[in-house]
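Remarks on the structure that follows.
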Amino acid sequence: MTSRQTGRRIASISAERRRRKSGMRSVSRPAAGRREDHPRPGERRQLLQLVICSGIFVLLVAAKLVLPEPMVRVNARLYRAMEQNMDVQAVFSALGRAISGENGLDQTADEVYQAVFHPQENDEAVQTAAQITAAQAEGAIQLLQEYRRDTSLPQEQAGQEQQAADTAEPQATEVSTLAYVLYSNQNLPEGVSLEQAILDFDYCTPVSGALSSGFGYRDHPIEGEERFHYGVDLAADTGTEVDCFADGTVTAVGESSSYGRYCMVAHEGGYSTLYAHCSRITASSGSAVRRGEKIAEVGETGIATGPHLHFELQKDGVYLNPIYYVSVL
Amino acid sequence: MSLCCEETFRISPGFCLLTAWFAAVNGWCLTVVVLGAAAVHELGHWAVLKALGARTLGLRIGVLGAVLAVDSRGLSYGQELAAVLAGPAANLLSAAVLAGVGMETAAGAHIVLGIFNLLPIRPLDGGRALYLGTSWLLGPAAGEATARWTGAVTAVVLAAGLGWLMIRSGGSLWLLPAAVGALAAAGRECFEK
């Protein structure tokens, strides 16, 4: 609105200038001359706004042309910052509970802060990782105890063992399900490791969504039989942006009957990631991609029961559990 | 009512866009709740103005909120103060009632709107009320100075606080417009005659 007015003003100024130039010889209108010498404050401000806006525009274009790499990074950071949406509803209900006397002031402030900034996202990832490792450690100890009991118990303690077995019955079944969830190393298929590798590079979660299926054995949702699941499924709406896990090079873009539209990205240190069931792959094969850059959109192509991203992580061809490196909702 | 005919009622395209965006992000339910809170606020102003016999000239709804154009020539400081405070008061009353009924989200929306409008920064009701109150007690010059400096200081502190929160929590740019708006208000108070 203002820029249009400014544009009109500039047009009229230049028109007046033209008129004045020709008017030098003939008759100059005094009103036009006075207005040009002393533009009104409002007009001066509009001109100033226009100059500042075009200055910013020129500066940004120049920055993009001269420093393309840092600009991409700045863009990505800006985008991530803008993506963090605040939960207006949560803010309102926290305040509402405060007036109705349900919550104290401290709790309200805490809830409002959480709703505005979502600071729990990072903490949550760490917490889930910690919980998983804790559960695994506990399970492993139980497995070891079970193993020792089975093998090293001498014959003469058979009576005692019988007694112990009665009490240990529920525990044993529990351990067996735990072992099932834990996939002790004997049960693992070829080329799978449960170790949590330390990545030497920065990485990010490709899609923020709920974990609809984890890494490991599961009943296949369509085939019905038990299969090993080599990645994690992150549920998200079709069209949700899939961000590249880390800097790297797109090594393959393709479509398969099971994976649907997928793409693979190679990262440094022999790591590679796979993004499957996408509705669309936006990165092209062979191109260099950066962490957080959009490479695809979530879909349900291939064998899928709903829109989600199937995300796999490999190191030198060995499948790793990606859950340690992504934060899920 | 005959009033309806002489009133001008304008809604800016920016407001429609903002509403559409808010509805797209937060859902229609919340949009209706927030618009309802805004309507209660303006109704509070309007009811008191009507009771005092002032003529409302129109309602302009823009991106930054609704502005009730009033012919306030016939009003004393006290009367105008009552009209200005009626909006936030209506919100706070509704908040109490809604919280009592158990509609917490709506109550929260009302209290946010009410308290935000009570900030002593000039385009908001709080700033106007501060000006009117001090003018009433100490004269217009003192009122102008008080409103100007209180507004500027509050706005700068608010902007700094929001900026600090944004940096500390490392994200959420949605507070940036509020911080920029507060700084703009401070600048207007400091530099504009």
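Order determines the names: the first chain of the structure tokens is A, the second B, and so forth; residues in each chain are numbered 1 upward, and ligands are numbered 1 upward as they are shown.
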
*Determine which residues of stretch 174-268 of chain A DSSP labels as strand (DSSP E or B) from the backbone of this structure, then write them out as a VMD selection string.*
chain A and resid 192 210 to 213 216 to 219 226 to 229 232 to 235 241 to 243 248 to 256 260 to 266

What does the file look like for those residues with N, CA and C atoms, as a tab-separated table (two decimals), in the first residue's frame?
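Saved result, again.tsv, follows:
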chain	number	residue	atom	x	y	z
A	192	VAL	N	23.52	-56.74	10.77
A	192	VAL	CA	22.81	-55.82	11.66
A	192	VAL	C	23.62	-55.69	12.93
A	210	ALA	N	5.61	-39.35	15.09
A	210	ALA	CA	5.58	-40.41	16.10
A	210	ALA	C	6.28	-41.64	15.53
A	211	LEU	N	6.90	-42.40	16.43
A	211	LEU	CA	7.55	-43.64	16.02
A	211	LEU	C	6.45	-44.68	15.86
A	212	SER	N	6.15	-45.05	14.60
A	212	SER	CA	5.06	-46.01	14.42
A	212	SER	C	5.60	-47.44	14.35
A	213	SER	N	6.89	-47.61	14.12
A	213	SER	CA	7.47	-48.94	14.15
A	213	SER	C	8.97	-48.81	14.34
A	216	GLY	N	13.97	-53.65	14.42
A	216	GLY	CA	13.99	-54.98	15.02
A	216	GLY	C	12.89	-55.87	14.47
A	217	TYR	N	12.72	-57.05	15.12
A	217	TYR	CA	11.69	-57.99	14.66
A	217	TYR	C	10.31	-57.42	14.93
A	218	ARG	N	9.42	-57.70	14.02
A	218	ARG	CA	8.03	-57.27	14.21
A	218	ARG	C	7.16	-58.13	13.29
A	219	ASP	N	5.89	-58.17	13.62
A	219	ASP	CA	4.96	-58.81	12.71
A	219	ASP	C	4.74	-57.85	11.56
A	226	GLU	N	6.58	-62.72	10.74
A	226	GLU	CA	7.58	-61.99	11.49
A	226	GLU	C	8.78	-61.67	10.61
A	227	ARG	N	9.15	-60.43	10.58
A	227	ARG	CA	10.28	-60.00	9.75
A	227	ARG	C	11.14	-59.04	10.55
A	228	PHE	N	12.38	-58.96	10.16
A	228	PHE	CA	13.23	-57.95	10.79
A	228	PHE	C	13.00	-56.62	10.09
A	229	HIS	N	12.86	-55.57	10.88
A	229	HIS	CA	12.61	-54.23	10.35
A	229	HIS	C	13.91	-53.46	10.44
A	232	VAL	N	13.52	-47.31	11.16
A	232	VAL	CA	12.42	-46.84	12.01
A	232	VAL	C	11.37	-46.19	11.11
A	233	ASP	N	10.11	-46.31	11.52
A	233	ASP	CA	9.03	-45.65	10.79
A	233	ASP	C	8.59	-44.43	11.57
A	234	LEU	N	8.62	-43.28	10.92
A	234	LEU	CA	8.18	-42.05	11.55
A	234	LEU	C	6.89	-41.62	10.87
A	235	ALA	N	5.80	-41.65	11.60
A	235	ALA	CA	4.50	-41.31	11.01
A	235	ALA	C	4.39	-39.80	10.85
A	241	GLU	N	7.77	-32.31	4.82
A	241	GLU	CA	9.13	-32.23	4.30
A	241	GLU	C	10.04	-33.25	4.96
A	242	VAL	N	10.85	-33.95	4.15
A	242	VAL	CA	11.86	-34.86	4.69
A	242	VAL	C	13.20	-34.15	4.59
A	243	ASP	N	13.84	-33.94	5.74
A	243	ASP	CA	15.11	-33.23	5.77
A	243	ASP	C	16.25	-34.23	5.76
A	248	GLY	N	25.97	-34.64	2.85
A	248	GLY	CA	26.37	-35.82	2.08
A	248	GLY	C	26.05	-35.68	0.61
A	249	THR	N	26.04	-36.82	-0.07
A	249	THR	CA	25.78	-36.86	-1.51
A	249	THR	C	24.67	-37.87	-1.77
A	250	VAL	N	23.72	-37.47	-2.60
A	250	VAL	CA	22.64	-38.39	-2.95
A	250	VAL	C	23.22	-39.46	-3.88
A	251	THR	N	23.15	-40.73	-3.45
A	251	THR	CA	23.75	-41.79	-4.26
A	251	THR	C	22.71	-42.52	-5.09
A	252	ALA	N	21.46	-42.50	-4.69
A	252	ALA	CA	20.45	-43.19	-5.48
A	252	ALA	C	19.09	-42.56	-5.26
A	253	VAL	N	18.34	-42.44	-6.35
A	253	VAL	CA	16.94	-42.03	-6.27
A	253	VAL	C	16.19	-43.05	-7.10
A	254	GLY	N	15.17	-43.65	-6.55
A	254	GLY	CA	14.50	-44.68	-7.33
A	254	GLY	C	13.15	-45.04	-6.79
A	255	GLU	N	12.57	-46.07	-7.37
A	255	GLU	CA	11.25	-46.52	-6.95
A	255	GLU	C	11.27	-48.05	-6.95
A	256	SER	N	10.80	-48.62	-5.85
A	256	SER	CA	10.73	-50.08	-5.81
A	256	SER	C	9.38	-50.49	-5.29
A	260	GLY	N	8.78	-48.17	-2.34
A	260	GLY	CA	8.12	-47.05	-3.00
A	260	GLY	C	9.17	-46.11	-3.54
A	261	ARG	N	8.88	-44.82	-3.54
A	261	ARG	CA	9.90	-43.86	-3.97
A	261	ARG	C	10.88	-43.67	-2.83
A	262	TYR	N	12.14	-43.84	-3.12
A	262	TYR	CA	13.13	-43.75	-2.06
A	262	TYR	C	14.35	-43.00	-2.55
A	263	CYS	N	15.19	-42.57	-1.63
A	263	CYS	CA	16.49	-42.06	-2.02
A	263	CYS	C	17.50	-42.41	-0.95
A	264	MET	N	18.74	-42.51	-1.36
A	264	MET	CA	19.83	-42.85	-0.45
A	264	MET	C	20.84	-41.73	-0.47
A	265	VAL	N	21.39	-41.46	0.69
A	265	VAL	CA	22.39	-40.40	0.81
A	265	VAL	C	23.61	-40.98	1.51
A	266	ALA	N	24.80	-40.75	0.94
A	266	ALA	CA	26.05	-41.19	1.57
A	266	ALA	C	26.63	-40.03	2.37

_When you look at stretch 132-138 of chain B with a cut-off of 10 Å (counting only C-alpha atoms), what residues show up, excluding the ones that are within fewer than 5 positions of it in the same chain? I need them as an MDAnalysis selection string._
chainID B and resid 76:82 84 126:127 143:147

With N, CA and C atoms kept, could you save the residues just selected as an mmCIF file, in the first residue's frame?
data_model
loop_
_atom_site.group_PDB
_atom_site.id
_atom_site.type_symbol
_atom_site.label_atom_id
_atom_site.label_comp_id
_atom_site.auth_asym_id
_atom_site.auth_seq_id
_atom_site.Cartn_x
_atom_site.Cartn_y
_atom_site.Cartn_z
ATOM 1 N N SER B 76 -15.616 13.223 29.721
ATOM 2 C CA SER B 76 -14.613 13.687 30.675
ATOM 3 C C SER B 76 -13.514 12.640 30.752
ATOM 4 N N TYR B 77 -12.396 13.011 31.444
ATOM 5 C CA TYR B 77 -11.307 12.045 31.598
ATOM 6 C C TYR B 77 -11.804 10.763 32.251
ATOM 7 N N GLY B 78 -12.590 10.944 33.303
ATOM 8 C CA GLY B 78 -13.074 9.781 34.044
ATOM 9 C C GLY B 78 -13.925 8.874 33.177
ATOM 10 N N GLN B 79 -14.818 9.496 32.392
ATOM 11 C CA GLN B 79 -15.709 8.705 31.537
ATOM 12 C C GLN B 79 -14.920 7.948 30.482
ATOM 13 N N GLU B 80 -13.922 8.655 29.887
ATOM 14 C CA GLU B 80 -13.149 8.002 28.833
ATOM 15 C C GLU B 80 -12.317 6.864 29.424
ATOM 16 N N LEU B 81 -11.790 7.120 30.646
ATOM 17 C CA LEU B 81 -11.006 6.091 31.326
ATOM 18 C C LEU B 81 -11.865 4.846 31.529
ATOM 19 N N ALA B 82 -13.109 5.067 31.946
ATOM 20 C CA ALA B 82 -14.012 3.929 32.166
ATOM 21 C C ALA B 82 -14.226 3.166 30.864
ATOM 22 N N VAL B 84 -12.216 3.062 28.279
ATOM 23 C CA VAL B 84 -10.986 2.385 27.849
ATOM 24 C C VAL B 84 -10.774 1.102 28.656
ATOM 25 N N GLY B 126 -3.960 -0.054 27.959
ATOM 26 C CA GLY B 126 -3.230 0.280 29.180
ATOM 27 C C GLY B 126 -2.533 1.629 29.069
ATOM 28 N N GLY B 127 -1.871 1.859 27.930
ATOM 29 C CA GLY B 127 -1.172 3.125 27.722
ATOM 30 C C GLY B 127 -2.132 4.301 27.689
ATOM 31 N N GLY B 143 0.375 14.000 32.040
ATOM 32 C CA GLY B 143 -0.164 12.751 31.495
ATOM 33 C C GLY B 143 0.603 12.309 30.277
ATOM 34 N N GLU B 144 0.869 13.261 29.383
ATOM 35 C CA GLU B 144 1.594 12.949 28.149
ATOM 36 C C GLU B 144 2.995 12.432 28.477
ATOM 37 N N ALA B 145 3.689 13.150 29.405
ATOM 38 C CA ALA B 145 5.062 12.747 29.750
ATOM 39 C C ALA B 145 5.075 11.361 30.391
ATOM 40 N N THR B 146 4.154 11.147 31.339
ATOM 41 C CA THR B 146 4.116 9.857 32.029
ATOM 42 C C THR B 146 3.872 8.727 31.047
ATOM 43 N N ALA B 147 2.844 8.919 30.206
ATOM 44 C CA ALA B 147 2.488 7.855 29.264
ATOM 45 C C ALA B 147 3.645 7.597 28.319
#

Per residue of stretch 65-133 of chain B within 10 Å of stretch 85-90 of chain A, which atom pair is closest and at what distance in Å (one decimal), using only C-alpha atoms, listed by chain and increasing number, as a Markdown table?
| residue | atom | partner | partner_atom | distance |
| --- | --- | --- | --- | --- |
| B:Glu104 | CA | A:Gln89 | CA | 9.8 |
| B:Thr105 | CA | A:Gln89 | CA | 6.5 |
| B:Ala106 | CA | A:Gln89 | CA | 9.2 |
| B:Gly108 | CA | A:Gln89 | CA | 8.8 |
| B:Ala109 | CA | A:Gln89 | CA | 8.6 |

Export of prior selection with C-alpha atoms as a PDB file, in the first residue's frame:
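And here's selection.pdb as it stands now:
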ATOM      1  CA  GLU B 104     -10.018 -23.360  30.370  1.00  0.00           C
ATOM      2  CA  THR B 105      -8.803 -22.654  26.857  1.00  0.00           C
ATOM      3  CA  ALA B 106     -11.348 -19.884  26.318  1.00  0.00           C
ATOM      4  CA  GLY B 108      -6.878 -18.445  28.878  1.00  0.00           C
ATOM      5  CA  ALA B 109      -7.557 -16.637  25.597  1.00  0.00           C
TER       6      ALA B 109
END

_Separation of atom CA of A:Ala197 from atom CA of A:Ala276 in Å_ = 22.5 Å

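Using only C-alpha atoms, the smallest distance between any of B:Val33, B:Leu59, B:Val40, B:Ala186 and chain A comes from B:Val33.
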
What residues in chain B have any atom no more than 12 Å from chain A when counting only C-alpha atoms, and can you write them as a tab-separated table (two decimals) with C-alpha atoms, in the first residue's frame?
chain	number	residue	atom	x	y	z
B	12	SER	CA	-8.41	-4.87	6.28
B	13	PRO	CA	-7.26	-7.65	3.92
B	14	GLY	CA	-4.26	-8.13	6.20
B	22	PHE	CA	-4.12	-18.65	12.32
B	23	ALA	CA	-7.04	-20.92	11.43
B	25	VAL	CA	-2.20	-23.45	11.87
B	26	ASN	CA	-4.32	-23.74	14.99
B	27	GLY	CA	-7.71	-24.95	13.77
B	28	TRP	CA	-11.10	-23.29	13.56
B	29	CYS	CA	-12.02	-23.94	17.17
B	30	LEU	CA	-9.19	-21.85	18.53
B	31	THR	CA	-9.76	-19.15	15.91
B	33	VAL	CA	-12.30	-18.65	20.63
B	34	VAL	CA	-9.76	-15.89	19.96
B	37	ALA	CA	-12.46	-12.89	23.03
B	92	LEU	CA	-11.00	-10.53	32.68
B	93	LEU	CA	-14.62	-10.98	33.83
B	94	SER	CA	-15.27	-13.47	31.04
B	95	ALA	CA	-12.05	-15.26	31.94
B	96	ALA	CA	-13.20	-15.67	35.54
B	97	VAL	CA	-16.65	-16.86	34.46
B	98	LEU	CA	-15.28	-19.27	31.83
B	99	ALA	CA	-12.73	-20.69	34.26
B	100	GLY	CA	-15.54	-21.25	36.72
B	101	VAL	CA	-17.55	-23.09	34.07
B	102	GLY	CA	-14.49	-25.16	33.21
B	103	MET	CA	-13.71	-23.85	29.72
B	104	GLU	CA	-10.02	-23.36	30.37
B	105	THR	CA	-8.80	-22.65	26.86
B	106	ALA	CA	-11.35	-19.88	26.32
B	107	ALA	CA	-10.58	-18.46	29.77
B	108	GLY	CA	-6.88	-18.45	28.88
B	109	ALA	CA	-7.56	-16.64	25.60
B	110	HIS	CA	-9.56	-13.98	27.43
B	111	ILE	CA	-6.92	-13.46	30.09
B	112	VAL	CA	-4.12	-13.21	27.51
B	113	LEU	CA	-6.05	-10.60	25.54
B	115	ILE	CA	-3.60	-8.55	30.19
B	162	LEU	CA	11.34	-11.43	24.52
B	165	LEU	CA	13.85	-15.64	25.87
B	166	MET	CA	14.22	-16.29	22.14
B	167	ILE	CA	18.00	-16.50	22.37
B	168	ARG	CA	17.98	-18.59	25.53
B	169	SER	CA	15.49	-21.10	24.18
B	170	GLY	CA	17.25	-21.10	20.82
B	171	GLY	CA	14.32	-20.82	18.49
B	172	SER	CA	10.69	-19.87	18.04
B	173	LEU	CA	10.67	-16.84	15.82
B	174	TRP	CA	7.00	-16.29	16.57
B	175	LEU	CA	7.87	-13.90	19.39
B	176	LEU	CA	9.90	-11.75	16.99
B	192	GLU	CA	7.74	11.32	17.41
